[in-house]
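A short write-up of the structure that comes next.
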Amino acid sequence: MSQPRSGPTVALRCFGADLRRRREAAGMTLQSVAEKIKKDRATPARWENAETVPNPRMVGVLLDLYQTPPDERTEVLRALAEAKKPGWWHPWREVAEVGVIDLESAATSIRSYAPGVLPDLLQTTEYAEALMSLRNPYEDPTVRRLRLELLEARKEHTIGSASGDGNGDDRASLWVLLEEATLRRRVGGPGVMARQLDYLETRIADVRSSVAIQVIPPRVPHPLAISLCGHLEILRFKEFGMGERLIQIGLHPSMTLITDDSDAVENYRMAVDVTSGFAPPRFTPLPLTSKDFG
């Protein structure tokens, strides 16, 4: 039996894409595969679309149909085992925005534009908690605690801590464009903002860090501001067959949009490139300090 999933991981998407490439290289259609394995056409389609995971025996049957060389079979089955594993975020699955977090975790680079509040990966726990209180003041404290735990795990998993361990090979590079107004917008009390700015300065000052921060001066017109696009991220991956993704962050998870449309990704990537030219380069100190909230 195929195993249903609550949401596909990047590993599962890559595995499905590999099955599709092998089928197409063998000159077979979904219908012809379905007839050979005595299933309906939707079954191999679900495997290729990362909706379900085939069992190893069925994968072996598919590899026979696609005349897969013996030296490649072991690698395919290894990829299947990886695709069946739950994401690292599984302990927090009840509060996790799975689609975004899994893509974020697998990315080699994340380019972000944050016009309103700081992006999640740059938030201190205090700032994040204050922001959660603004968004949903009546949220169950247990749920909020889980969200904060997940946020800390996301930061550590994706970019590492601010103490210098964020430059490993398995960490993503994070390049963030901030509007200056984002830094001046008080979230939480003065102490929360002061410590948040100190945290950002620590990131900026670390020349070994994979985190780059640029602050766009006020009253500067640029493509992203004119488009009124809101908070967005462009993610790039090392996995073959995983094209870049554009994520437009909504107020609620149901309002967040994820697309791999190449035209959309390219247009926003160009807008990010142009906009970065309007901001001082990385390693430039912030235009305000923690003393501004003292």
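Just so we're on the same page: first chain in the structure tokens is A, next is B, and so on; residues restart at 1 for each chain, and ligands are numbered from 1 in the order they show up.
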
Requested in this report: Excluding A:Gly250 and residues on its chain fewer than 3 positions from it, collect all residues at most 12 Å away from it, counting only C-alpha atoms, and give them as a ChimeraX atom specification.
Outcome: /A:97,100,114,116,229-233,247,253-258

Could the residues of stretch 76-115 of chain A that have an atom at most 9 Å from stretch 152-158 of chain A be listed as JSON lines, each with its closest atom pair and the distance in Å to one decimal, counting only C-alpha atoms and ordered by chain and ascending residue number?
{"residue": "A:Trp88", "atom": "CA", "partner": "A:His157", "partner_atom": "CA", "distance": 8.9}
{"residue": "A:Trp89", "atom": "CA", "partner": "A:Ala153", "partner_atom": "CA", "distance": 8.1}
{"residue": "A:Ile101", "atom": "CA", "partner": "A:Arg154", "partner_atom": "CA", "distance": 7.7}
{"residue": "A:Glu104", "atom": "CA", "partner": "A:Thr158", "partner_atom": "CA", "distance": 7.2}
{"residue": "A:Ser105", "atom": "CA", "partner": "A:Thr158", "partner_atom": "CA", "distance": 5.6}
{"residue": "A:Ala106", "atom": "CA", "partner": "A:Thr158", "partner_atom": "CA", "distance": 8.2}
{"residue": "A:Ala107", "atom": "CA", "partner": "A:Thr158", "partner_atom": "CA", "distance": 8.3}

Those same residues, written as a compact mmCIF listing (two decimals), in the first residue's frame with C-alpha atoms?
# COMPACT_ATOMS: atom_id res chain seq x y z
CA TRP A 88 12.61 17.51 11.33
CA TRP A 89 9.70 19.75 12.26
CA ILE A 101 9.14 25.35 6.65
CA GLU A 104 12.97 26.87 3.88
CA SER A 105 14.85 24.01 5.55
CA ALA A 106 16.01 22.54 2.24
CA ALA A 107 17.03 25.85 0.67

Query raised in the report: Near A:Leu122, counting only C-alpha atoms, which residues have an atom at most 12 Å away, once you skip same-chain residues fewer than 4 positions from it, shown as a ChimeraX atom specification?
Result: /A:112,114,117-118,126-128,151-152,154-156,158-162,174-178,183,196-204,211-213

Report task. Tell me which protein, DNA and RNA residues are within 12 Å of A:Ala279, counting only C-alpha atoms, leaving out same-chain ones fewer than 4 positions away, and put them as a count of residues only. Result -> 24

Query raised in the report: Got a sec: who's within 10 Å of A:Leu62, counting only C-alpha atoms, leaving out chain neighbours fewer than 5 positions off, as a PyMOL selection string?
Result: chain A and resi 19+22-23+33+36-37+44+54+56-57+67-68

Taking N, CA and C atoms for each residue, export the selection above as a PDB file, in the first residue's frame.
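Result file is out-v8.pdb:
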ATOM      1  N   LEU A  19      11.077   9.857 -10.597  1.00  0.00           N
ATOM      2  CA  LEU A  19      10.238   8.829 -11.214  1.00  0.00           C
ATOM      3  C   LEU A  19       9.668   9.314 -12.542  1.00  0.00           C
ATOM      4  N   ARG A  22      12.367   9.285 -15.245  1.00  0.00           N
ATOM      5  CA  ARG A  22      12.682   7.932 -15.690  1.00  0.00           C
ATOM      6  C   ARG A  22      11.568   7.372 -16.571  1.00  0.00           C
ATOM      7  N   ARG A  23      10.326   7.658 -16.226  1.00  0.00           N
ATOM      8  CA  ARG A  23       9.206   7.188 -17.061  1.00  0.00           C
ATOM      9  C   ARG A  23       9.261   7.821 -18.439  1.00  0.00           C
ATOM     10  N   VAL A  33       1.896   2.933 -17.864  1.00  0.00           N
ATOM     11  CA  VAL A  33       2.438   2.432 -16.596  1.00  0.00           C
ATOM     12  C   VAL A  33       1.327   1.837 -15.748  1.00  0.00           C
ATOM     13  N   LYS A  36       0.419  -1.582 -16.913  1.00  0.00           N
ATOM     14  CA  LYS A  36       1.441  -2.574 -16.599  1.00  0.00           C
ATOM     15  C   LYS A  36       1.386  -3.020 -15.140  1.00  0.00           C
ATOM     16  N   ILE A  37       1.117  -2.064 -14.237  1.00  0.00           N
ATOM     17  CA  ILE A  37       1.115  -2.401 -12.804  1.00  0.00           C
ATOM     18  C   ILE A  37      -0.287  -2.691 -12.286  1.00  0.00           C
ATOM     19  N   PRO A  44       0.119   6.152 -10.325  1.00  0.00           N
ATOM     20  CA  PRO A  44       1.476   6.642 -10.618  1.00  0.00           C
ATOM     21  C   PRO A  44       1.549   8.161 -10.674  1.00  0.00           C
ATOM     22  N   PRO A  54       5.195   5.349  -2.859  1.00  0.00           N
ATOM     23  CA  PRO A  54       5.083   3.928  -3.207  1.00  0.00           C
ATOM     24  C   PRO A  54       5.963   3.090  -2.288  1.00  0.00           C
ATOM     25  N   PRO A  56       8.671  -0.060  -1.443  1.00  0.00           N
ATOM     26  CA  PRO A  56       9.886  -0.476  -2.161  1.00  0.00           C
ATOM     27  C   PRO A  56       9.631  -1.515  -3.236  1.00  0.00           C
ATOM     28  N   ARG A  57       8.715  -2.463  -2.984  1.00  0.00           N
ATOM     29  CA  ARG A  57       8.438  -3.488  -3.999  1.00  0.00           C
ATOM     30  C   ARG A  57       7.912  -2.848  -5.271  1.00  0.00           C
ATOM     31  N   GLN A  67      13.678   0.211 -17.180  1.00  0.00           N
ATOM     32  CA  GLN A  67      14.986  -0.332 -17.547  1.00  0.00           C
ATOM     33  C   GLN A  67      16.128   0.454 -16.871  1.00  0.00           C
ATOM     34  N   THR A  68      15.955   0.629 -15.582  1.00  0.00           N
ATOM     35  CA  THR A  68      16.955   1.360 -14.802  1.00  0.00           C
ATOM     36  C   THR A  68      18.210   0.527 -14.625  1.00  0.00           C
TER      37      THR A  68
END

Query raised in the report: Which of stretch 103-254 of chain A counts as alpha helix (DSSP H) under DSSP, as a PyMOL selection string please?
Result: chain A and resi 103-106+125-135+141-158+180-184+190-205+223-227

Kindly export the residues of the current selection with C-alpha atoms, as an mmCIF file, in the first residue's frame.
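The resulting result35.cif:
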data_model
loop_
_atom_site.group_PDB
_atom_site.id
_atom_site.type_symbol
_atom_site.label_atom_id
_atom_site.label_comp_id
_atom_site.auth_asym_id
_atom_site.auth_seq_id
_atom_site.Cartn_x
_atom_site.Cartn_y
_atom_site.Cartn_z
ATOM 1 C CA LEU A 103 11.117 24.455 1.609
ATOM 2 C CA GLU A 104 12.972 26.872 3.880
ATOM 3 C CA SER A 105 14.847 24.014 5.555
ATOM 4 C CA ALA A 106 16.009 22.543 2.240
ATOM 5 C CA THR A 125 12.081 35.079 20.940
ATOM 6 C CA GLU A 126 10.841 38.216 22.740
ATOM 7 C CA TYR A 127 10.051 40.017 19.492
ATOM 8 C CA ALA A 128 8.303 36.929 18.082
ATOM 9 C CA GLU A 129 6.190 36.506 21.217
ATOM 10 C CA ALA A 130 5.160 40.165 21.191
ATOM 11 C CA LEU A 131 4.223 39.856 17.538
ATOM 12 C CA MET A 132 2.164 36.732 18.227
ATOM 13 C CA SER A 133 0.334 38.608 20.984
ATOM 14 C CA LEU A 134 -0.568 41.362 18.530
ATOM 15 C CA ARG A 135 -1.790 38.922 15.905
ATOM 16 C CA PRO A 141 -0.452 29.746 25.869
ATOM 17 C CA THR A 142 0.469 26.117 25.149
ATOM 18 C CA VAL A 143 0.087 26.660 21.412
ATOM 19 C CA ARG A 144 2.099 29.873 21.583
ATOM 20 C CA ARG A 145 4.895 28.126 23.456
ATOM 21 C CA LEU A 146 5.019 25.464 20.731
ATOM 22 C CA ARG A 147 5.223 28.183 18.060
ATOM 23 C CA LEU A 148 8.135 29.824 19.858
ATOM 24 C CA GLU A 149 9.930 26.489 20.242
ATOM 25 C CA LEU A 150 9.437 25.844 16.540
ATOM 26 C CA LEU A 151 10.786 29.287 15.653
ATOM 27 C CA GLU A 152 13.983 28.680 17.628
ATOM 28 C CA ALA A 153 14.369 25.277 15.979
ATOM 29 C CA ARG A 154 13.826 26.853 12.531
ATOM 30 C CA LYS A 155 16.519 29.453 13.127
ATOM 31 C CA GLU A 156 19.015 26.912 14.404
ATOM 32 C CA HIS A 157 18.263 24.438 11.613
ATOM 33 C CA THR A 158 18.316 26.966 8.768
ATOM 34 C CA GLU A 180 13.991 51.305 7.775
ATOM 35 C CA ALA A 181 10.410 51.730 8.975
ATOM 36 C CA THR A 182 10.455 48.031 9.925
ATOM 37 C CA LEU A 183 13.203 48.730 12.452
ATOM 38 C CA ARG A 184 11.404 51.762 13.865
ATOM 39 C CA PRO A 190 11.496 49.379 24.460
ATOM 40 C CA GLY A 191 13.586 46.595 25.979
ATOM 41 C CA VAL A 192 12.318 44.071 23.447
ATOM 42 C CA MET A 193 13.226 46.358 20.557
ATOM 43 C CA ALA A 194 16.601 47.262 22.047
ATOM 44 C CA ARG A 195 17.589 43.610 22.375
ATOM 45 C CA GLN A 196 16.229 42.879 18.906
ATOM 46 C CA LEU A 197 18.424 45.588 17.387
ATOM 47 C CA ASP A 198 21.444 44.302 19.314
ATOM 48 C CA TYR A 199 20.770 40.852 17.878
ATOM 49 C CA LEU A 200 20.658 42.231 14.330
ATOM 50 C CA GLU A 201 23.878 44.173 14.881
ATOM 51 C CA THR A 202 25.558 40.960 16.026
ATOM 52 C CA ARG A 203 24.519 39.321 12.781
ATOM 53 C CA ILE A 204 25.706 42.273 10.694
ATOM 54 C CA ALA A 205 29.086 42.511 12.406
ATOM 55 C CA PRO A 223 10.412 48.227 -7.520
ATOM 56 C CA LEU A 224 9.300 46.203 -4.498
ATOM 57 C CA ALA A 225 7.672 49.204 -2.806
ATOM 58 C CA ILE A 226 5.910 50.259 -5.990
ATOM 59 C CA SER A 227 4.552 46.742 -6.527
#

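Minimum atom-to-atom distances from A:Lys38, A:Arg13, A:Arg282, A:Arg185 to A:Asp206 were compared using only C-alpha atoms, and the lowest value belongs to A:Arg282.
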
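What separates atom CA of A:Gly16 from atom CA of A:Ala34 is a distance of 15.6 Å.
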
**Report entry** Between atom CA of A:Phe15 and atom CA of A:Val98 - distance in Å to one decimal
**Finding:**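 Calculated distance between atom CA of A:Val98 and atom CA of A:Phe15 is 18.2 Å.
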
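For the pair atom CA of A:Val95 and atom CA of A:Val265, the interatomic distance is 27.6 Å.
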
Requested in this report: Write down as number ranges by chain the residues of stretch 65-200 of chain A whose backbone DSSP state falls under strand (DSSP E).
Outcome: A: 107-114, 173-179
